[in-house]
Every structure is written in structure tokens, then in C-alpha cells.
>>> print(open('upload.txt').read())   # compact mmCIF, C-alpha atoms and all ligand atoms
# COMPACT_ATOMS: atom_id res chain seq x y z
CA MET A 476 0.00 0.00 0.00
CA ILE A 477 1.42 3.37 -1.03
CA ILE A 478 0.00 6.74 0.01
CA ALA A 479 1.27 9.87 -1.77
CA VAL A 480 1.03 13.25 -0.02
CA ASP A 481 2.06 16.28 -2.08
CA GLY A 482 1.81 20.01 -1.63
CA PRO A 483 3.72 23.27 -1.11
CA ALA A 484 5.91 24.19 1.88
CA ALA A 485 4.28 24.27 5.32
CA ALA A 486 0.86 23.14 4.05
CA GLY A 487 0.72 20.44 6.73
CA LYS A 488 1.95 17.51 4.63
CA GLY A 489 4.48 16.21 7.14
CA THR A 490 2.15 16.15 10.15
CA LEU A 491 -0.59 14.50 8.12
CA ALA A 492 1.69 11.96 6.42
CA ARG A 493 3.27 10.94 9.75
CA ARG A 494 -0.14 10.38 11.34
CA LEU A 495 -1.39 8.40 8.35
CA ALA A 496 1.70 6.19 8.48
CA GLN A 497 1.11 5.47 12.15
CA HIS A 498 -2.62 4.86 11.65
CA PHE A 499 -2.22 2.40 8.75
CA GLY A 500 1.02 0.80 10.06
CA LEU A 501 3.15 2.08 7.16
CA ALA A 502 6.72 3.40 6.90
CA TYR A 503 7.10 7.15 6.37
CA LEU A 504 9.50 9.08 4.11
CA ASP A 505 9.75 12.87 3.96
CA THR A 506 11.22 13.13 0.45
CA GLY A 507 11.96 16.84 0.92
CA SER A 508 14.68 15.71 3.35
CA LEU A 509 16.47 13.94 0.49
CA TYR A 510 16.55 17.18 -1.51
CA ARG A 511 17.62 19.02 1.64
CA ALA A 512 20.41 16.45 2.18
CA ALA A 513 21.58 16.94 -1.42
CA ALA A 514 21.51 20.71 -0.88
CA LEU A 515 23.49 20.48 2.37
CA LYS A 516 26.22 18.43 0.65
CA ALA A 517 26.23 20.81 -2.35
CA LEU A 518 26.51 23.86 -0.05
CA ALA A 519 29.53 22.25 1.65
CA ARG A 520 31.16 21.57 -1.74
CA GLY A 521 30.62 24.93 -3.39
CA SER A 522 27.59 26.14 -5.24
CA PRO A 523 24.23 24.33 -5.09
CA SER A 524 23.18 26.00 -8.33
CA ASP A 525 26.09 24.34 -10.21
CA PRO A 526 24.42 21.30 -11.87
CA LYS A 527 27.59 19.16 -11.69
CA VAL A 528 28.15 19.85 -7.98
CA ALA A 529 24.45 19.32 -7.21
CA GLU A 530 24.21 16.07 -9.17
CA ALA A 531 27.33 14.61 -7.48
CA ALA A 532 25.91 15.62 -4.09
CA ALA A 533 22.54 13.98 -4.89
CA ARG A 534 24.29 10.74 -5.89
CA ASP A 535 25.89 10.61 -2.44
CA VAL A 536 22.59 10.95 -0.54
CA ARG A 537 21.56 7.94 1.55
CA ILE A 538 18.29 7.36 3.40
CA GLU A 539 20.23 7.67 6.71
CA ASP A 540 21.07 11.32 5.88
CA VAL A 541 17.50 12.47 6.53
CA THR A 542 17.98 12.71 10.30
CA ASP A 543 20.64 15.48 10.23
CA PRO A 544 19.16 18.44 12.22
CA ARG A 545 20.91 20.95 9.92
CA LEU A 546 18.50 19.91 7.16
CA ARG A 547 15.79 22.04 8.81
CA ASP A 548 17.71 25.33 8.42
CA GLU A 549 15.92 27.82 6.16
CA ASP A 550 18.95 28.35 3.92
CA VAL A 551 19.09 24.59 3.33
CA GLY A 552 15.37 24.62 2.38
CA GLU A 553 16.03 27.43 -0.04
CA ALA A 554 19.04 25.61 -1.57
CA ALA A 555 16.93 22.41 -1.72
CA SER A 556 14.45 24.11 -4.00
CA VAL A 557 17.34 25.25 -6.23
CA VAL A 558 18.92 21.78 -6.57
CA ALA A 559 15.44 20.23 -6.97
CA ALA A 560 14.95 22.10 -10.25
CA ILE A 561 17.96 20.29 -11.79
CA PRO A 562 16.73 17.19 -13.71
CA ALA A 563 19.91 15.13 -12.97
CA VAL A 564 19.40 15.71 -9.24
CA ARG A 565 15.80 14.46 -9.44
CA ALA A 566 16.92 11.42 -11.46
CA ALA A 567 19.63 10.62 -8.89
CA LEU A 568 17.06 10.56 -6.06
CA LEU A 569 14.33 8.63 -7.87
CA ASP A 570 15.44 5.04 -7.16
CA LEU A 571 15.97 5.80 -3.49
CA GLN A 572 12.35 6.98 -3.20
CA ARG A 573 10.88 4.13 -5.26
CA ASP A 574 12.88 1.52 -3.32
CA PHE A 575 11.55 2.92 -0.07
CA ALA A 576 7.97 2.83 -1.38
CA HIS A 577 8.17 -0.71 -2.72
CA ARG A 578 10.50 -2.24 -0.10
CA PRO A 579 9.75 -0.25 3.05
CA PRO A 580 12.10 -0.75 6.02
CA GLY A 581 11.18 -2.74 9.09
CA GLY A 582 8.91 -5.11 7.20
CA ALA A 583 6.12 -2.51 6.97
CA LYS A 584 3.32 -3.44 4.56
CA GLY A 585 3.64 -0.20 2.66
CA ALA A 586 4.70 3.42 2.86
CA VAL A 587 3.55 7.02 3.01
CA LEU A 588 5.76 9.43 1.05
CA ASP A 589 5.38 13.19 1.17
CA GLY A 590 6.83 15.66 -1.30
CA ARG A 591 6.01 17.59 -4.46
CA ASP A 592 5.83 14.94 -7.19
CA ILE A 593 5.02 11.65 -5.43
CA GLY A 594 1.58 11.21 -6.98
CA THR A 595 2.67 12.45 -10.41
CA VAL A 596 6.20 11.06 -10.95
CA VAL A 597 7.66 8.95 -8.11
CA CYS A 598 4.62 6.73 -7.42
CA PRO A 599 1.90 7.43 -10.00
CA GLU A 600 0.52 3.98 -9.10
CA ALA A 601 -0.07 4.99 -5.43
CA ASP A 602 -3.24 3.56 -3.85
CA ALA A 603 -4.33 6.97 -2.56
CA LYS A 604 -3.09 10.49 -3.31
CA LEU A 605 -3.59 13.66 -1.33
CA PHE A 606 -2.73 17.19 -2.43
CA VAL A 607 -2.44 19.35 0.66
CA THR A 608 -2.57 23.13 0.32
CA ALA A 609 -3.19 26.20 2.48
CA SER A 610 -3.12 29.93 1.79
CA LEU A 611 0.31 31.54 1.48
CA GLU A 612 -0.40 33.62 4.61
CA ALA A 613 -1.42 30.59 6.70
CA ARG A 614 1.67 28.68 5.58
CA ALA A 615 4.01 31.61 6.28
CA ALA A 616 2.47 32.01 9.76
CA ARG A 617 2.97 28.29 10.51
CA ARG A 618 6.57 28.28 9.27
CA SER A 619 7.36 31.45 11.29
CA ARG A 620 6.00 29.78 14.44
CA GLU A 621 8.03 26.61 13.75
CA LEU A 622 11.20 28.65 13.30
CA GLN A 623 10.78 30.99 16.22
CA GLY A 624 8.22 29.68 18.70
CA SER A 625 5.40 32.01 19.75
CA ASP A 626 7.20 35.32 19.02
CA SER A 627 6.90 34.97 15.25
CA GLY A 628 5.86 38.51 14.25
CA SER A 629 9.34 39.80 13.44
CA ILE A 630 10.23 37.16 10.86
CA TYR A 631 6.80 36.71 9.23
CA GLY A 632 7.45 39.17 6.38
CA ARG A 633 10.72 37.55 5.39
CA VAL A 634 9.30 34.01 5.62
CA LEU A 635 6.33 35.07 3.46
CA GLN A 636 8.61 36.47 0.74
CA ASP A 637 10.89 33.40 0.81
CA MET A 638 7.90 31.09 0.57
CA LYS A 639 6.50 33.03 -2.38
CA SER A 640 9.73 32.66 -4.35
CA ARG A 641 10.05 28.97 -3.39
CA ASP A 642 6.42 28.31 -4.47
CA ALA A 643 7.12 29.99 -7.82
CA ARG A 644 10.30 27.93 -8.32
CA ASP A 645 8.65 24.62 -7.31
CA SER A 646 5.55 25.17 -9.47
CA GLY A 647 7.28 26.83 -12.43
CA ARG A 648 10.18 24.43 -13.02
CA ALA A 649 10.14 22.13 -16.06
CA ALA A 650 11.27 19.00 -14.18
CA ALA A 651 8.45 17.42 -12.11
CA PRO A 652 6.78 20.68 -11.06
CA LEU A 653 4.49 20.82 -8.04
CA GLN A 654 1.04 19.95 -9.33
CA ARG A 655 -2.02 18.00 -8.24
CA ALA A 656 -2.40 14.55 -9.79
CA ALA A 657 -5.81 14.25 -11.47
CA ASP A 658 -6.85 11.52 -9.00
CA ALA A 659 -5.59 13.26 -5.84
CA LEU A 660 -7.89 14.60 -3.13
CA ALA A 661 -7.35 18.37 -2.77
CA LEU A 662 -7.22 19.15 0.93
CA ASP A 663 -7.09 22.86 1.86
CA THR A 664 -5.90 23.11 5.47
CA THR A 665 -6.13 26.92 5.78
CA ALA A 666 -9.09 26.56 8.15
CA LEU A 667 -8.50 22.95 9.24
CA ASP A 668 -6.55 21.87 12.31
CA ALA A 669 -4.38 18.73 12.22
CA ASP A 670 -7.20 16.50 13.55
CA ALA A 671 -9.73 17.69 10.94
CA ALA A 672 -7.21 17.23 8.11
CA PHE A 673 -6.40 13.73 9.39
CA THR A 674 -10.09 12.74 9.58
CA ALA A 675 -10.77 13.99 6.04
CA ALA A 676 -7.72 12.11 4.72
CA VAL A 677 -8.62 8.83 6.46
CA ASP A 678 -12.20 9.05 5.10
CA PHE A 679 -10.89 9.55 1.57
CA ILE A 680 -8.36 6.70 1.82
CA ALA A 681 -10.96 4.31 3.28
CA ARG A 682 -13.35 5.13 0.41
CA LYS A 683 -10.55 4.74 -2.14
CA LEU A 684 -9.44 1.35 -0.78
CA GLY A 685 -13.05 0.17 -0.39
CA SER A 686 -13.91 1.00 -3.99
CA ARG A 687 -11.30 -1.34 -5.47
O1 LIG B 701 9.55 21.54 4.57
P1 LIG B 701 9.17 22.23 3.32
O2 LIG B 701 7.78 21.88 2.89
O3 LIG B 701 9.46 23.68 3.35
O4 LIG B 701 10.12 21.72 2.17
P2 LIG B 701 10.56 20.25 1.91
O5 LIG B 701 9.36 19.35 1.73
O6 LIG B 701 11.56 19.87 2.93
O7 LIG B 701 11.27 20.35 0.47
C1 LIG B 701 12.36 21.19 0.23
C2 LIG B 701 12.45 21.43 -1.27
O8 LIG B 701 12.72 20.19 -1.93
C3 LIG B 701 11.16 21.93 -1.92
O9 LIG B 701 11.07 23.33 -1.96
C4 LIG B 701 11.19 21.34 -3.31
O10 LIG B 701 11.82 22.20 -4.22
C5 LIG B 701 12.04 20.10 -3.18
N1 LIG B 701 11.29 18.85 -3.27
C6 LIG B 701 10.99 18.36 -4.52
O11 LIG B 701 11.30 18.99 -5.52
N2 LIG B 701 10.36 17.17 -4.67
C7 LIG B 701 9.99 16.46 -3.59
N3 LIG B 701 9.38 15.27 -3.77
C8 LIG B 701 10.24 16.96 -2.30
C9 LIG B 701 10.89 18.17 -2.17
>>> encode(input="upload.txt", output="C-alpha cells")
Amino acid sequence: MIIAVDGPAAAGKGTLARRLAQHFGLAYLDTGSLYRAAALKALARGSPSDPKVAEAAARDVRIEDVTDPRLRDEDVGEAASVVAAIPAVRAALLDLQRDFAHRPPGGAKGAVLDGRDIGTVVCPEADAKLFVTASLEARAARRSRELQGSDSGSIYGRVLQDMKSRDARDSGRAAAPLQRAADALALDTTALDADAAFTAAVDFIARKLGSR
């Protein structure tokens, strides 16, 4: 069983995907972490926007790299969206993602993957697909709180601008752009808390699995 969860930054994909994995007894992979790991290696080796440097860095990424706390830094997220636009980087990370989906670790009976192109490119055969969105303002507010705790007012403007340019880059690139698969449930979490989003997702997945 494969569940694909796609959507833009800070839409609530990670929280939802983690809960779905736990609920259905599946392994979980945050594929953004792979792009972040490639970006971190490329930053250490020179320029992440250099396709040769970025591709070599992506080839060195291993599943174990996803736990490095430095991956969460904002500059690494920004560099991740730069390396993610390079087709050779995406190609280098494809097998890793498909292997995880089809041979999940720990003997799990399937996997939940979250990212930008899981339902469209990595696992178009997924049993259920969700496309999670929220307004730019709601997402910038969430990311500001994550970065800075409750006192998020001072960085909100910068986070909003960064998110806008990252959205444009992720949706506008030629290689596997962020887009909803035709058979994905569109879930707008602007006015939904984590519990409501989870309930809506579980209902959809149960209907999807029941209708086969
Ligand atoms: O945490 P956040 O939603 O901000 O970003 P992320 O999911 O960690 O992804 C970081 C960057 O990797 C994104 O901006 C995308 O450009 C890229 N990415 C991608 O291209 N394809 C994926 N399947 C996952 C991430």
C-alpha cells in the first residue's frame, strides 16, 4: 500500500503523512529531506546552483542522511528548492524513493511518502493520493512559528517572501513541477486543524481502498 502526499511548503503535509503512516502501520519518508540532504552536501562543496556539484551531491545521498538536524535550516530549504529544479538531481534521487515505497524498512506493509511529485512522478501507481494546500499567509504564519516559537511577528514578512519565491520555483520548473495529480484529493488546510485534516484524509483513503 502506497500513500502519496504532495503540496507546497508548510501546508501540513508532514504532520498528516506521519499520522497516516502510524494509523495504517506504514513506513514514512519525507522526500523533501532527500533534496535538503543533497543541498546540504552541495553547499559544503561549493555552489548548489552548479548542476555538476548538485548532481554529485545527490548521488551521495543515503536514506540515513535524513535525520541530520541541519536539514531544517531555512537556507538549506532554499538551496533544496534550487537543486530540486535540476533534472539530474531528481533522477539521482528517484530510485531511493521508489525503493523505499516498494520495499519499506522494518517489514512494513507499505509506505507514506510526502513531497512535491510523489503522486505524479515517483509513485503514480499509489493507492491513494492527497494534495495538501493552504493559503500563502497561513503557511508563512505556521513556518514562522516553527522557526521561532510564539514570538513569530518579526520574521513573518521575510518568511512570506521566501515562501513566495520557493512556491514559484517549485511550481514553475520544467522537471516534475508541483502539481495536483488528477486523481488526488485536494485538501485545503487553511481553516482545518491537524485533527480535521487527518479525519478527512482517512475518510478519503478508506473510500478509495473500499472501492477497489
Ligand atoms: O519543509 P518544506 O515543505 O518547506 O520543504 P521540503 O518538503 O523539505 O522540500 C524542500 C524542497 O525540496 C522543496 O522546496 C522542493 O523544491 C524540493 N522537493 C521536490 O522537488 N520534490 C519532492 N518530492 C520533495 C521536495
>>> residues_near_ligand(input="upload.txt", ligand="ligand LIG 701 (chain B)", cutoff="8 Å", atoms="only C-alpha atoms and all ligand atoms", output="count of residues only")
39
>>> residues_near_point(input="upload.txt", point="(22.9, 10.0, -9.5)", cutoff="12 Å", atoms="all atoms listed in the file", output="ChimeraX atom specification")
/A:513,526-537,561-571
>>> closest_residue(input="upload.txt", among="A:Ala672, A:Ala659, A:Ala681, A:Ala496", to="Ala583 in chain A", atoms="only C-alpha atoms")
A:Ala496
>>> atom_distance(input="upload.txt", atom1="CA of Phe575 in chain A", atom2="CA of Tyr503 in chain A")
8.9 Å
>>> atom_distance(input="upload.txt", atom1="CA of Met476 in chain A", atom2="CA of Lys683 in chain A")
11.8 Å
>>> closest_residue(input="upload.txt", among="A:Leu495, A:Ala650, A:Ala675, A:Val634", to="Ser619 in chain A", atoms="all atoms listed in the file")
A:Val634
>>> atom_distance(input="upload.txt", atom1="CA of Glu612 in chain A", atom2="CA of Gly632 in chain A")
9.8 Å
>>> residues_around(input="upload.txt", residues="Ala656 in chain A", least_positions_apart="6", cutoff="9 Å", atoms="all atoms listed in the file", output="list in words")
Asp592, Gly594, Thr595, Pro599, Lys604, Leu605 and Phe606 of chain A
>>> closest_residue(input="upload.txt", among="A:Asp550, A:Glu621, A:Asp668, A:Asp602", to="Arg682 in chain A", atoms="all atoms listed in the file")
A:Asp602
>>> decode(input="upload.txt", residues="range 546-583 of chain A", atoms="N, CA and C atoms", output="JSON list (two decimals), in the first residue's frame")
[["chain", "number", "residue", "atom", "x", "y", "z"],
["A", 546, "LEU", "N", 19.38, 19.92, 8.34],
["A", 546, "LEU", "CA", 18.50, 19.91, 7.16],
["A", 546, "LEU", "C", 17.33, 20.88, 7.32],
["A", 547, "ARG", "N", 16.97, 21.20, 8.58],
["A", 547, "ARG", "CA", 15.79, 22.04, 8.81],
["A", 547, "ARG", "C", 16.10, 23.52, 8.66],
["A", 548, "ASP", "N", 17.37, 23.91, 8.55],
["A", 548, "ASP", "CA", 17.71, 25.33, 8.42],
["A", 548, "ASP", "C", 17.04, 25.92, 7.18],
["A", 549, "GLU", "N", 16.61, 27.19, 7.28],
["A", 549, "GLU", "CA", 15.92, 27.82, 6.16],
["A", 549, "GLU", "C", 16.80, 27.93, 4.92],
["A", 550, "ASP", "N", 18.10, 28.22, 5.11],
["A", 550, "ASP", "CA", 18.95, 28.35, 3.92],
["A", 550, "ASP", "C", 19.11, 27.01, 3.20],
["A", 551, "VAL", "N", 19.01, 25.92, 3.96],
["A", 551, "VAL", "CA", 19.09, 24.59, 3.33],
["A", 551, "VAL", "C", 17.80, 24.32, 2.55],
["A", 552, "GLY", "N", 16.64, 24.76, 3.09],
["A", 552, "GLY", "CA", 15.37, 24.62, 2.38],
["A", 552, "GLY", "C", 15.38, 25.38, 1.07],
["A", 553, "GLU", "N", 15.93, 26.58, 1.15],
["A", 553, "GLU", "CA", 16.03, 27.43, -0.04],
["A", 553, "GLU", "C", 16.94, 26.76, -1.09],
["A", 554, "ALA", "N", 18.10, 26.29, -0.65],
["A", 554, "ALA", "CA", 19.04, 25.61, -1.57],
["A", 554, "ALA", "C", 18.43, 24.31, -2.10],
["A", 555, "ALA", "N", 17.58, 23.65, -1.28],
["A", 555, "ALA", "CA", 16.93, 22.41, -1.72],
["A", 555, "ALA", "C", 16.04, 22.69, -2.92],
["A", 556, "SER", "N", 15.34, 23.83, -2.88],
["A", 556, "SER", "CA", 14.45, 24.11, -4.00],
["A", 556, "SER", "C", 15.24, 24.50, -5.25],
["A", 557, "VAL", "N", 16.47, 24.96, -5.08],
["A", 557, "VAL", "CA", 17.34, 25.25, -6.23],
["A", 557, "VAL", "C", 17.86, 23.94, -6.84],
["A", 558, "VAL", "N", 18.40, 23.04, -6.00],
["A", 558, "VAL", "CA", 18.92, 21.78, -6.57],
["A", 558, "VAL", "C", 17.79, 20.92, -7.13],
["A", 559, "ALA", "N", 16.57, 21.05, -6.54],
["A", 559, "ALA", "CA", 15.44, 20.23, -6.97],
["A", 559, "ALA", "C", 14.96, 20.56, -8.38],
["A", 560, "ALA", "N", 15.36, 21.73, -8.88],
["A", 560, "ALA", "CA", 14.95, 22.10, -10.25],
["A", 560, "ALA", "C", 15.88, 21.50, -11.30],
["A", 561, "ILE", "N", 16.98, 20.87, -10.86],
["A", 561, "ILE", "CA", 17.96, 20.29, -11.79],
["A", 561, "ILE", "C", 17.57, 18.84, -12.11],
["A", 562, "PRO", "N", 17.23, 18.54, -13.37],
["A", 562, "PRO", "CA", 16.73, 17.19, -13.71],
["A", 562, "PRO", "C", 17.65, 16.06, -13.24],
["A", 563, "ALA", "N", 18.99, 16.22, -13.36],
["A", 563, "ALA", "CA", 19.91, 15.13, -12.97],
["A", 563, "ALA", "C", 19.85, 14.86, -11.47],
["A", 564, "VAL", "N", 19.55, 15.89, -10.69],
["A", 564, "VAL", "CA", 19.40, 15.71, -9.24],
["A", 564, "VAL", "C", 18.16, 14.87, -8.97],
["A", 565, "ARG", "N", 17.06, 15.20, -9.63],
["A", 565, "ARG", "CA", 15.80, 14.46, -9.44],
["A", 565, "ARG", "C", 15.99, 13.00, -9.85],
["A", 566, "ALA", "N", 16.70, 12.79, -10.98],
["A", 566, "ALA", "CA", 16.92, 11.42, -11.46],
["A", 566, "ALA", "C", 17.75, 10.63, -10.44],
["A", 567, "ALA", "N", 18.75, 11.30, -9.84],
["A", 567, "ALA", "CA", 19.63, 10.62, -8.89],
["A", 567, "ALA", "C", 18.88, 10.18, -7.63],
["A", 568, "LEU", "N", 17.79, 10.88, -7.29],
["A", 568, "LEU", "CA", 17.06, 10.56, -6.06],
["A", 568, "LEU", "C", 15.84, 9.66, -6.29],
["A", 569, "LEU", "N", 15.56, 9.36, -7.54],
["A", 569, "LEU", "CA", 14.33, 8.63, -7.87],
["A", 569, "LEU", "C", 14.32, 7.19, -7.34],
["A", 570, "ASP", "N", 15.41, 6.44, -7.59],
["A", 570, "ASP", "CA", 15.44, 5.04, -7.16],
["A", 570, "ASP", "C", 15.34, 4.89, -5.65],
["A", 571, "LEU", "N", 16.00, 5.82, -4.95],
["A", 571, "LEU", "CA", 15.97, 5.80, -3.49],
["A", 571, "LEU", "C", 14.52, 5.87, -3.00],
["A", 572, "GLN", "N", 13.75, 6.78, -3.61],
["A", 572, "GLN", "CA", 12.35, 6.98, -3.20],
["A", 572, "GLN", "C", 11.49, 5.78, -3.59],
["A", 573, "ARG", "N", 11.70, 5.27, -4.81],
["A", 573, "ARG", "CA", 10.88, 4.13, -5.26],
["A", 573, "ARG", "C", 11.21, 2.87, -4.46],
["A", 574, "ASP", "N", 12.49, 2.67, -4.14],
["A", 574, "ASP", "CA", 12.88, 1.52, -3.32],
["A", 574, "ASP", "C", 12.19, 1.58, -1.98],
["A", 575, "PHE", "N", 12.19, 2.78, -1.38],
["A", 575, "PHE", "CA", 11.55, 2.92, -0.07],
["A", 575, "PHE", "C", 10.06, 2.58, -0.17],
["A", 576, "ALA", "N", 9.41, 3.06, -1.23],
["A", 576, "ALA", "CA", 7.97, 2.83, -1.38],
["A", 576, "ALA", "C", 7.65, 1.35, -1.58],
["A", 577, "HIS", "N", 8.48, 0.67, -2.37],
["A", 577, "HIS", "CA", 8.17, -0.71, -2.72],
["A", 577, "HIS", "C", 8.79, -1.74, -1.78],
["A", 578, "ARG", "N", 9.87, -1.35, -1.09],
["A", 578, "ARG", "CA", 10.50, -2.24, -0.10],
["A", 578, "ARG", "C", 10.72, -1.46, 1.18],
["A", 579, "PRO", "N", 9.61, -1.11, 1.86],
["A", 579, "PRO", "CA", 9.75, -0.25, 3.05],
["A", 579, "PRO", "C", 10.54, -0.93, 4.16],
["A", 580, "PRO", "N", 11.28, -0.16, 4.95],
["A", 580, "PRO", "CA", 12.10, -0.75, 6.02],
["A", 580, "PRO", "C", 11.23, -1.33, 7.13],
["A", 581, "GLY", "N", 11.84, -2.20, 7.90],
["A", 581, "GLY", "CA", 11.18, -2.74, 9.09],
["A", 581, "GLY", "C", 10.02, -3.66, 8.78],
["A", 582, "GLY", "N", 9.96, -4.17, 7.55],
["A", 582, "GLY", "CA", 8.91, -5.11, 7.20],
["A", 582, "GLY", "C", 7.52, -4.49, 7.14],
["A", 583, "ALA", "N", 7.43, -3.17, 7.06],
["A", 583, "ALA", "CA", 6.12, -2.51, 6.97],
["A", 583, "ALA", "C", 5.42, -2.94, 5.68]]
